[in-house]
>>> print(open('final_26.pdb').read())   # PDB, C-alpha atoms, pLDDT in the B column
MODEL        1
ATOM      1  CA  MET A 253     -15.789 -28.516  -0.390  1.00 36.00           C
ATOM      2  CA  MET A 254     -12.257 -28.805   1.016  1.00 33.00           C
ATOM      3  CA  LEU A 255     -10.872 -29.066  -2.518  1.00 36.00           C
ATOM      4  CA  ILE A 256     -12.739 -25.886  -3.505  1.00 35.00           C
ATOM      5  CA  MET A 257     -11.447 -24.064  -0.428  1.00 35.00           C
ATOM      6  CA  GLN A 258      -7.874 -25.136  -1.122  1.00 40.00           C
ATOM      7  CA  THR A 259      -8.158 -24.069  -4.752  1.00 38.00           C
ATOM      8  CA  THR A 260      -9.599 -20.707  -3.726  1.00 38.00           C
ATOM      9  CA  THR A 261      -6.824 -20.216  -1.187  1.00 40.00           C
ATOM     10  CA  ARG A 262      -4.183 -20.999  -3.792  1.00 43.00           C
ATOM     11  CA  LYS A 263      -5.741 -18.531  -6.227  1.00 44.00           C
ATOM     12  CA  ARG A 264      -5.852 -15.799  -3.594  1.00 46.00           C
ATOM     13  CA  THR A 265      -2.243 -16.467  -2.611  1.00 47.00           C
ATOM     14  CA  SER A 266      -1.214 -16.451  -6.257  1.00 51.00           C
ATOM     15  CA  ALA A 267      -3.053 -13.186  -6.895  1.00 55.00           C
ATOM     16  CA  SER A 268      -1.528 -11.674  -3.781  1.00 82.00           C
ATOM     17  CA  ARG A 269       1.956 -12.636  -4.872  1.00 84.00           C
ATOM     18  CA  LYS A 270       1.354 -11.181  -8.308  1.00 82.00           C
ATOM     19  CA  GLU A 271       0.100  -7.946  -6.787  1.00 87.00           C
ATOM     20  CA  LEU A 272       3.126  -7.729  -4.508  1.00 88.00           C
ATOM     21  CA  THR A 273       5.439  -8.357  -7.440  1.00 89.00           C
ATOM     22  CA  HIS A 274       3.611  -5.719  -9.477  1.00 91.00           C
ATOM     23  CA  GLU A 275       4.011  -3.220  -6.645  1.00 91.00           C
ATOM     24  CA  ARG A 276       7.712  -4.016  -6.358  1.00 93.00           C
ATOM     25  CA  ILE A 277       8.246  -3.367 -10.075  1.00 94.00           C
ATOM     26  CA  VAL A 278       6.390  -0.039  -9.889  1.00 94.00           C
ATOM     27  CA  GLU A 279       8.349   1.010  -6.801  1.00 94.00           C
ATOM     28  CA  VAL A 280      11.669   0.237  -8.482  1.00 95.00           C
ATOM     29  CA  ALA A 281      10.558   2.046 -11.639  1.00 95.00           C
ATOM     30  CA  SER A 282       9.405   5.126  -9.710  1.00 95.00           C
ATOM     31  CA  ARG A 283      12.921   5.508  -8.303  1.00 94.00           C
ATOM     32  CA  ALA A 284      14.602   4.626 -11.598  1.00 95.00           C
ATOM     33  CA  ILE A 285      12.803   7.260 -13.665  1.00 94.00           C
ATOM     34  CA  ARG A 286      13.784   9.970 -11.190  1.00 95.00           C
ATOM     35  CA  ARG A 287      17.358   8.722 -11.039  1.00 94.00           C
ATOM     36  CA  SER A 288      17.977   8.082 -14.743  1.00 94.00           C
ATOM     37  CA  GLY A 289      15.155   9.851 -16.568  1.00 92.00           C
ATOM     38  CA  TYR A 290      12.424   8.304 -18.693  1.00 91.00           C
ATOM     39  CA  ASP A 291      14.703   7.666 -21.654  1.00 89.00           C
ATOM     40  CA  GLY A 292      17.436   6.270 -19.435  1.00 89.00           C
ATOM     41  CA  THR A 293      15.132   3.747 -17.787  1.00 88.00           C
ATOM     42  CA  GLY A 294      14.947   0.368 -19.520  1.00 90.00           C
ATOM     43  CA  VAL A 295      12.575  -2.489 -18.774  1.00 91.00           C
ATOM     44  CA  ALA A 296      15.420  -4.986 -18.443  1.00 91.00           C
ATOM     45  CA  ASP A 297      17.200  -2.825 -15.864  1.00 90.00           C
ATOM     46  CA  ILE A 298      14.014  -2.315 -13.839  1.00 92.00           C
ATOM     47  CA  MET A 299      13.219  -6.022 -13.781  1.00 93.00           C
ATOM     48  CA  LYS A 300      16.781  -6.883 -12.794  1.00 91.00           C
ATOM     49  CA  GLU A 301      16.727  -4.334  -9.952  1.00 91.00           C
ATOM     50  CA  ALA A 302      13.406  -5.789  -8.809  1.00 89.00           C
ATOM     51  CA  GLY A 303      15.013  -9.237  -8.738  1.00 89.00           C
ATOM     52  CA  LEU A 304      12.911 -10.551 -11.624  1.00 86.00           C
ATOM     53  CA  THR A 305      13.475 -11.837 -15.136  1.00 82.00           C
ATOM     54  CA  HIS A 306      12.853  -9.650 -18.161  1.00 78.00           C
ATOM     55  CA  GLY A 307      10.430 -12.216 -19.553  1.00 78.00           C
ATOM     56  CA  GLY A 308       7.989 -11.705 -16.706  1.00 80.00           C
ATOM     57  CA  PHE A 309       7.388  -8.055 -17.530  1.00 87.00           C
ATOM     58  CA  TYR A 310       4.385  -8.563 -19.814  1.00 83.00           C
ATOM     59  CA  ALA A 311       2.555 -10.561 -17.174  1.00 84.00           C
ATOM     60  CA  HIS A 312       2.216  -7.244 -15.330  1.00 89.00           C
ATOM     61  CA  PHE A 313       2.179  -4.472 -17.948  1.00 91.00           C
ATOM     62  CA  GLU A 314       0.909  -4.098 -21.497  1.00 90.00           C
ATOM     63  CA  SER A 315       3.810  -1.879 -22.481  1.00 91.00           C
ATOM     64  CA  ARG A 316       6.773   0.136 -21.238  1.00 91.00           C
ATOM     65  CA  ASP A 317       4.603   3.269 -21.356  1.00 92.00           C
ATOM     66  CA  ALA A 318       2.054   1.587 -19.088  1.00 92.00           C
ATOM     67  CA  LEU A 319       4.803   0.929 -16.530  1.00 93.00           C
ATOM     68  CA  LEU A 320       6.164   4.465 -16.826  1.00 93.00           C
ATOM     69  CA  ALA A 321       2.683   5.892 -16.283  1.00 93.00           C
ATOM     70  CA  GLU A 322       2.248   3.836 -13.107  1.00 94.00           C
ATOM     71  CA  ALA A 323       5.735   4.777 -11.952  1.00 94.00           C
ATOM     72  CA  ALA A 324       5.019   8.466 -12.556  1.00 94.00           C
ATOM     73  CA  ASP A 325       1.745   8.106 -10.676  1.00 94.00           C
ATOM     74  CA  ARG A 326       3.499   6.430  -7.732  1.00 94.00           C
ATOM     75  CA  ALA A 327       6.240   9.069  -7.585  1.00 94.00           C
ATOM     76  CA  GLY A 328       3.725  11.915  -7.791  1.00 94.00           C
ATOM     77  CA  THR A 329       1.507  10.398  -5.114  1.00 94.00           C
ATOM     78  CA  GLU A 330       4.454  10.070  -2.742  1.00 94.00           C
ATOM     79  CA  SER A 331       5.537  13.665  -3.320  1.00 95.00           C
ATOM     80  CA  VAL A 332       2.073  15.133  -2.752  1.00 95.00           C
ATOM     81  CA  ALA A 333       1.557  12.974   0.349  1.00 95.00           C
ATOM     82  CA  LEU A 334       4.844  14.186   1.804  1.00 95.00           C
ATOM     83  CA  ALA A 335       3.906  17.835   1.247  1.00 96.00           C
ATOM     84  CA  ALA A 336       0.556  17.220   2.926  1.00 96.00           C
ATOM     85  CA  ARG A 337       2.249  15.585   5.925  1.00 97.00           C
ATOM     86  CA  VAL A 338       4.653  18.514   6.274  1.00 97.00           C
ATOM     87  CA  ALA A 339       1.727  20.949   6.155  1.00 96.00           C
ATOM     88  CA  ALA A 340      -0.249  18.970   8.733  1.00 96.00           C
ATOM     89  CA  ALA A 341       2.704  18.867  11.145  1.00 96.00           C
ATOM     90  CA  ALA A 342       3.498  22.587  10.900  1.00 96.00           C
ATOM     91  CA  PRO A 343       2.384  25.081  13.563  1.00 94.00           C
ATOM     92  CA  PRO A 344      -0.726  27.123  12.679  1.00 91.00           C
ATOM     93  CA  GLY A 345      -0.028  29.629   9.928  1.00 90.00           C
ATOM     94  CA  GLN A 346       3.398  28.180   9.093  1.00 94.00           C
ATOM     95  CA  ALA A 347       2.474  25.357   6.717  1.00 95.00           C
ATOM     96  CA  VAL A 348       3.551  27.140   3.526  1.00 95.00           C
ATOM     97  CA  GLN A 349       6.894  28.081   5.050  1.00 95.00           C
ATOM     98  CA  ALA A 350       7.413  24.522   6.271  1.00 96.00           C
ATOM     99  CA  MET A 351       6.631  23.041   2.845  1.00 97.00           C
ATOM    100  CA  MET A 352       9.000  25.486   1.166  1.00 97.00           C
ATOM    101  CA  GLN A 353      11.785  24.639   3.613  1.00 97.00           C
ATOM    102  CA  ALA A 354      11.262  20.919   3.083  1.00 97.00           C
ATOM    103  CA  TYR A 355      11.212  21.239  -0.713  1.00 97.00           C
ATOM    104  CA  LEU A 356      14.337  23.397  -0.866  1.00 97.00           C
ATOM    105  CA  SER A 357      16.189  21.545   1.879  1.00 97.00           C
ATOM    106  CA  PRO A 358      19.653  20.119   1.128  1.00 97.00           C
ATOM    107  CA  GLU A 359      18.153  16.660   1.676  1.00 96.00           C
ATOM    108  CA  HIS A 360      15.558  17.106  -1.074  1.00 96.00           C
ATOM    109  CA  ILE A 361      18.033  18.750  -3.437  1.00 97.00           C
ATOM    110  CA  ALA A 362      20.252  15.684  -3.052  1.00 95.00           C
ATOM    111  CA  ALA A 363      17.423  13.146  -3.199  1.00 92.00           C
ATOM    112  CA  ILE A 364      16.699  13.024  -6.915  1.00 94.00           C
ATOM    113  CA  GLU A 365      15.793   9.339  -6.769  1.00 94.00           C
ATOM    114  CA  THR A 366      13.145   9.747  -4.063  1.00 93.00           C
ATOM    115  CA  GLY A 367      12.207  13.429  -4.371  1.00 94.00           C
ATOM    116  CA  CYS A 368       9.610  15.315  -6.369  1.00 95.00           C
ATOM    117  CA  PRO A 369       9.321  13.759  -9.842  1.00 95.00           C
ATOM    118  CA  VAL A 370       8.430  17.057 -11.505  1.00 95.00           C
ATOM    119  CA  SER A 371      11.717  18.713 -10.580  1.00 95.00           C
ATOM    120  CA  ALA A 372      13.557  15.528 -11.601  1.00 95.00           C
ATOM    121  CA  LEU A 373      11.709  14.909 -14.876  1.00 94.00           C
ATOM    122  CA  GLY A 374       9.930  18.104 -15.884  1.00 90.00           C
ATOM    123  CA  SER A 375      11.995  18.810 -18.996  1.00 91.00           C
ATOM    124  CA  GLU A 376      11.361  15.276 -20.312  1.00 92.00           C
ATOM    125  CA  MET A 377       7.598  15.201 -19.810  1.00 92.00           C
ATOM    126  CA  PRO A 378       6.555  16.958 -23.055  1.00 92.00           C
ATOM    127  CA  ARG A 379       8.084  14.062 -25.024  1.00 93.00           C
ATOM    128  CA  GLN A 380       6.365  11.282 -23.090  1.00 93.00           C
ATOM    129  CA  SER A 381       3.227   9.312 -23.893  1.00 92.00           C
ATOM    130  CA  PRO A 382      -0.207  10.750 -23.076  1.00 94.00           C
ATOM    131  CA  GLU A 383      -0.536   8.274 -20.163  1.00 93.00           C
ATOM    132  CA  VAL A 384       2.678   9.491 -18.546  1.00 92.00           C
ATOM    133  CA  ARG A 385       1.818  13.143 -19.062  1.00 94.00           C
ATOM    134  CA  ARG A 386      -1.667  12.607 -17.623  1.00 94.00           C
ATOM    135  CA  ALA A 387      -0.216  11.064 -14.457  1.00 92.00           C
ATOM    136  CA  ALA A 388       2.186  13.999 -14.093  1.00 92.00           C
ATOM    137  CA  THR A 389      -0.549  16.569 -14.704  1.00 95.00           C
ATOM    138  CA  ILE A 390      -2.831  15.088 -12.048  1.00 95.00           C
ATOM    139  CA  HIS A 391      -0.149  15.305  -9.370  1.00 94.00           C
ATOM    140  CA  ILE A 392       1.023  18.778 -10.380  1.00 96.00           C
ATOM    141  CA  LYS A 393      -2.561  19.948  -9.861  1.00 97.00           C
ATOM    142  CA  GLU A 394      -2.678  18.156  -6.516  1.00 96.00           C
ATOM    143  CA  MET A 395       0.573  19.767  -5.383  1.00 97.00           C
ATOM    144  CA  ILE A 396      -0.718  23.218  -6.310  1.00 96.00           C
ATOM    145  CA  ASP A 397      -3.899  22.477  -4.369  1.00 96.00           C
ATOM    146  CA  VAL A 398      -1.947  21.421  -1.262  1.00 96.00           C
ATOM    147  CA  PHE A 399      -0.162  24.790  -1.270  1.00 96.00           C
ATOM    148  CA  ALA A 400      -3.295  26.768  -2.146  1.00 96.00           C
ATOM    149  CA  ARG A 401      -5.191  25.302   0.820  1.00 95.00           C
ATOM    150  CA  GLN A 402      -2.551  26.712   3.172  1.00 94.00           C
ATOM    151  CA  MET A 403      -2.701  30.239   1.796  1.00 92.00           C
ATOM    152  CA  PRO A 404      -4.256  32.909   4.086  1.00 87.00           C
ATOM    153  CA  ASP A 405      -6.843  33.760   1.421  1.00 88.00           C
ATOM    154  CA  TRP A 406      -7.697  30.148   0.554  1.00 89.00           C
ATOM    155  CA  GLY A 407     -10.932  29.998  -1.411  1.00 84.00           C
ATOM    156  CA  GLN A 408     -10.159  33.129  -3.412  1.00 87.00           C
ATOM    157  CA  PRO A 409      -8.694  33.014  -6.958  1.00 86.00           C
ATOM    158  CA  ARG A 410      -5.575  34.801  -5.750  1.00 92.00           C
ATOM    159  CA  ALA A 411      -4.678  31.910  -3.444  1.00 93.00           C
ATOM    160  CA  HIS A 412      -4.619  29.494  -6.360  1.00 93.00           C
ATOM    161  CA  GLU A 413      -2.538  31.901  -8.445  1.00 95.00           C
ATOM    162  CA  GLN A 414      -0.059  32.340  -5.605  1.00 94.00           C
ATOM    163  CA  ALA A 415       0.182  28.574  -5.181  1.00 96.00           C
ATOM    164  CA  MET A 416       0.857  28.072  -8.910  1.00 96.00           C
ATOM    165  CA  ALA A 417       3.609  30.688  -8.874  1.00 96.00           C
ATOM    166  CA  LEU A 418       5.155  29.246  -5.724  1.00 97.00           C
ATOM    167  CA  VAL A 419       5.153  25.648  -6.974  1.00 97.00           C
ATOM    168  CA  CYS A 420       6.725  26.786 -10.260  1.00 97.00           C
ATOM    169  CA  ALA A 421       9.391  28.685  -8.319  1.00 97.00           C
ATOM    170  CA  LEU A 422      10.185  25.711  -6.085  1.00 97.00           C
ATOM    171  CA  ILE A 423      10.474  23.318  -9.032  1.00 97.00           C
ATOM    172  CA  GLY A 424      12.593  25.720 -11.076  1.00 97.00           C
ATOM    173  CA  THR A 425      14.874  26.468  -8.153  1.00 98.00           C
ATOM    174  CA  THR A 426      15.363  22.771  -7.456  1.00 97.00           C
ATOM    175  CA  VAL A 427      16.240  22.093 -11.097  1.00 97.00           C
ATOM    176  CA  MET A 428      18.852  24.857 -11.063  1.00 97.00           C
ATOM    177  CA  ALA A 429      20.212  23.982  -7.612  1.00 97.00           C
ATOM    178  CA  ARG A 430      20.808  20.436  -8.832  1.00 97.00           C
ATOM    179  CA  ALA A 431      22.245  21.553 -12.161  1.00 96.00           C
ATOM    180  CA  VAL A 432      25.110  23.722 -10.917  1.00 97.00           C
ATOM    181  CA  ASP A 433      28.401  22.245  -9.758  1.00 97.00           C
ATOM    182  CA  ASP A 434      28.977  24.958  -7.137  1.00 97.00           C
ATOM    183  CA  PRO A 435      27.498  23.988  -3.728  1.00 96.00           C
ATOM    184  CA  ARG A 436      27.530  27.600  -2.560  1.00 97.00           C
ATOM    185  CA  LEU A 437      25.561  28.733  -5.595  1.00 98.00           C
ATOM    186  CA  SER A 438      23.141  25.839  -5.147  1.00 97.00           C
ATOM    187  CA  LYS A 439      22.505  26.912  -1.557  1.00 97.00           C
ATOM    188  CA  ALA A 440      22.218  30.582  -2.543  1.00 98.00           C
ATOM    189  CA  LEU A 441      19.582  29.786  -5.177  1.00 98.00           C
ATOM    190  CA  CYS A 442      17.445  28.031  -2.581  1.00 97.00           C
ATOM    191  CA  GLU A 443      17.912  30.811  -0.055  1.00 97.00           C
ATOM    192  CA  ALA A 444      16.964  33.469  -2.611  1.00 97.00           C
ATOM    193  CA  THR A 445      13.703  31.712  -3.440  1.00 97.00           C
ATOM    194  CA  MET A 446      12.920  31.237   0.235  1.00 96.00           C
ATOM    195  CA  LYS A 447      13.506  34.952   0.825  1.00 94.00           C
ATOM    196  CA  GLN A 448      11.363  36.069  -2.105  1.00 93.00           C
ATOM    197  CA  PHE A 449       8.390  33.855  -1.277  1.00 90.00           C
ATOM    198  CA  SER A 450       8.478  33.875   2.513  1.00 83.00           C
ATOM    199  CA  PRO A 451       5.785  36.002   4.200  1.00 68.00           C
ATOM    200  CA  ALA A 452       6.998  39.462   5.117  1.00 55.00           C
ATOM    201  CA  LYS A 453       7.775  39.819   8.813  1.00 50.00           C
ATOM    202  CA  GLU A 454       6.127  42.696  10.594  1.00 40.00           C
TER     203      GLU A 454
ENDMDL
END
>>> encode(input="final_26.pdb", output="structure tokens")
Amino acid sequence: MMLIMQTTTRKRTSASRKELTHERIVEVASRAIRRSGYDGTGVADIMKEAGLTHGGFYAHFESRDALLAEAADRAGTESVALAARVAAAAPPGQAVQAMMQAYLSPEHIAAIETGCPVSALGSEMPRQSPEVRRAATIHIKEMIDVFARQMPDWGQPRAHEQAMALVCALIGTTVMARAVDDPRLSKALCEATMKQFSPAKE
């Protein structure tokens, strides 16, 4: 009985270590794809950054695309969760404004590696595998839903349409704000979007 218990404990510890290692690889990859793009992210570089050997990769993933899909899923989950936390912490009726401010903040514009993966990788997604595109699509829908639920007319078709337009505007603005080499223009782009989409003051 003791031998069985020891063997079971070793197996659980081994599985736990493997799971932790798997999570570490996905975490590193989720930052790497946002920092360097899908095409600029190699398995060898990810494993090295995770402190592991290249040869251990296939003990965790069937393919590079499988890793990229998990990394995209992780990045999208983090982004949606952050938006939801911002909405939950905002004063009543100010959730949309708070989410917009957070998304277009100088901190998020500068944080390509840890920010929204859609604004970091959107132009590359059409050329990715179906698994990667599916992960991105799921979280884009979730992000739209987070915004739609904060709209005054939530539950009506118009709220969903407004949320889609707003999310598209935020992503597009972030792409452009990061693309230009003029800090003043970058700031002005964000301010213009905030002005256009902010609720009218009475």
>>> atom_distance(input="final_26.pdb", atom1="CA of Phe309 (chain A)", atom2="CA of Leu373 (chain A)")
23.5 Å
>>> atom_distance(input="final_26.pdb", atom1="CA of Pro369 (chain A)", atom2="CA of Leu334 (chain A)")
12.5 Å
>>> residues_around(input="final_26.pdb", residues="region 315-323 of chain A", least_positions_apart="5", cutoff="6 Å", atoms="only C-alpha atoms", output="VMD selection string")
chain A and resid 278 281 to 282 383 to 384
>>> closest_residue(input="final_26.pdb", among="A:Pro404, A:Asp397, A:Arg436, A:Ile392", to="Cys420 (chain A)", atoms="only C-alpha atoms")
A:Ile392
>>> atom_distance(input="final_26.pdb", atom1="CA of Arg326 (chain A)", atom2="CA of Glu365 (chain A)")
12.7 Å
>>> resolve_selection(input="final_26.pdb", expression="the PyMOL selection byres ((chain A and resi 439-452) around 8)", output="ChimeraX atom specification")
/A:349,352-353,356-358,418,421-422,425-426,428-429,435-438,453-454
>>> write_last_selection(input="final_26.pdb", atoms="C-alpha atoms", output="PDB file, in the frame of the given file")
ATOM      1  CA  GLN A 349       6.894  28.081   5.050  1.00 95.00           C
ATOM      2  CA  MET A 352       9.000  25.486   1.166  1.00 97.00           C
ATOM      3  CA  GLN A 353      11.785  24.639   3.613  1.00 97.00           C
ATOM      4  CA  LEU A 356      14.337  23.397  -0.866  1.00 97.00           C
ATOM      5  CA  SER A 357      16.189  21.545   1.879  1.00 97.00           C
ATOM      6  CA  PRO A 358      19.653  20.119   1.128  1.00 97.00           C
ATOM      7  CA  LEU A 418       5.155  29.246  -5.724  1.00 97.00           C
ATOM      8  CA  ALA A 421       9.391  28.685  -8.319  1.00 97.00           C
ATOM      9  CA  LEU A 422      10.185  25.711  -6.085  1.00 97.00           C
ATOM     10  CA  THR A 425      14.874  26.468  -8.153  1.00 98.00           C
ATOM     11  CA  THR A 426      15.363  22.771  -7.456  1.00 97.00           C
ATOM     12  CA  MET A 428      18.852  24.857 -11.063  1.00 97.00           C
ATOM     13  CA  ALA A 429      20.212  23.982  -7.612  1.00 97.00           C
ATOM     14  CA  PRO A 435      27.498  23.988  -3.728  1.00 96.00           C
ATOM     15  CA  ARG A 436      27.530  27.600  -2.560  1.00 97.00           C
ATOM     16  CA  LEU A 437      25.561  28.733  -5.595  1.00 98.00           C
ATOM     17  CA  SER A 438      23.141  25.839  -5.147  1.00 97.00           C
ATOM     18  CA  LYS A 453       7.775  39.819   8.813  1.00 50.00           C
ATOM     19  CA  GLU A 454       6.127  42.696  10.594  1.00 40.00           C
TER      20      GLU A 454
END
>>> closest_residue(input="final_26.pdb", among="A:Leu272, A:Ile361, A:Val419, A:Ile277", to="Gly308 (chain A)", atoms="only C-alpha atoms")
A:Ile277
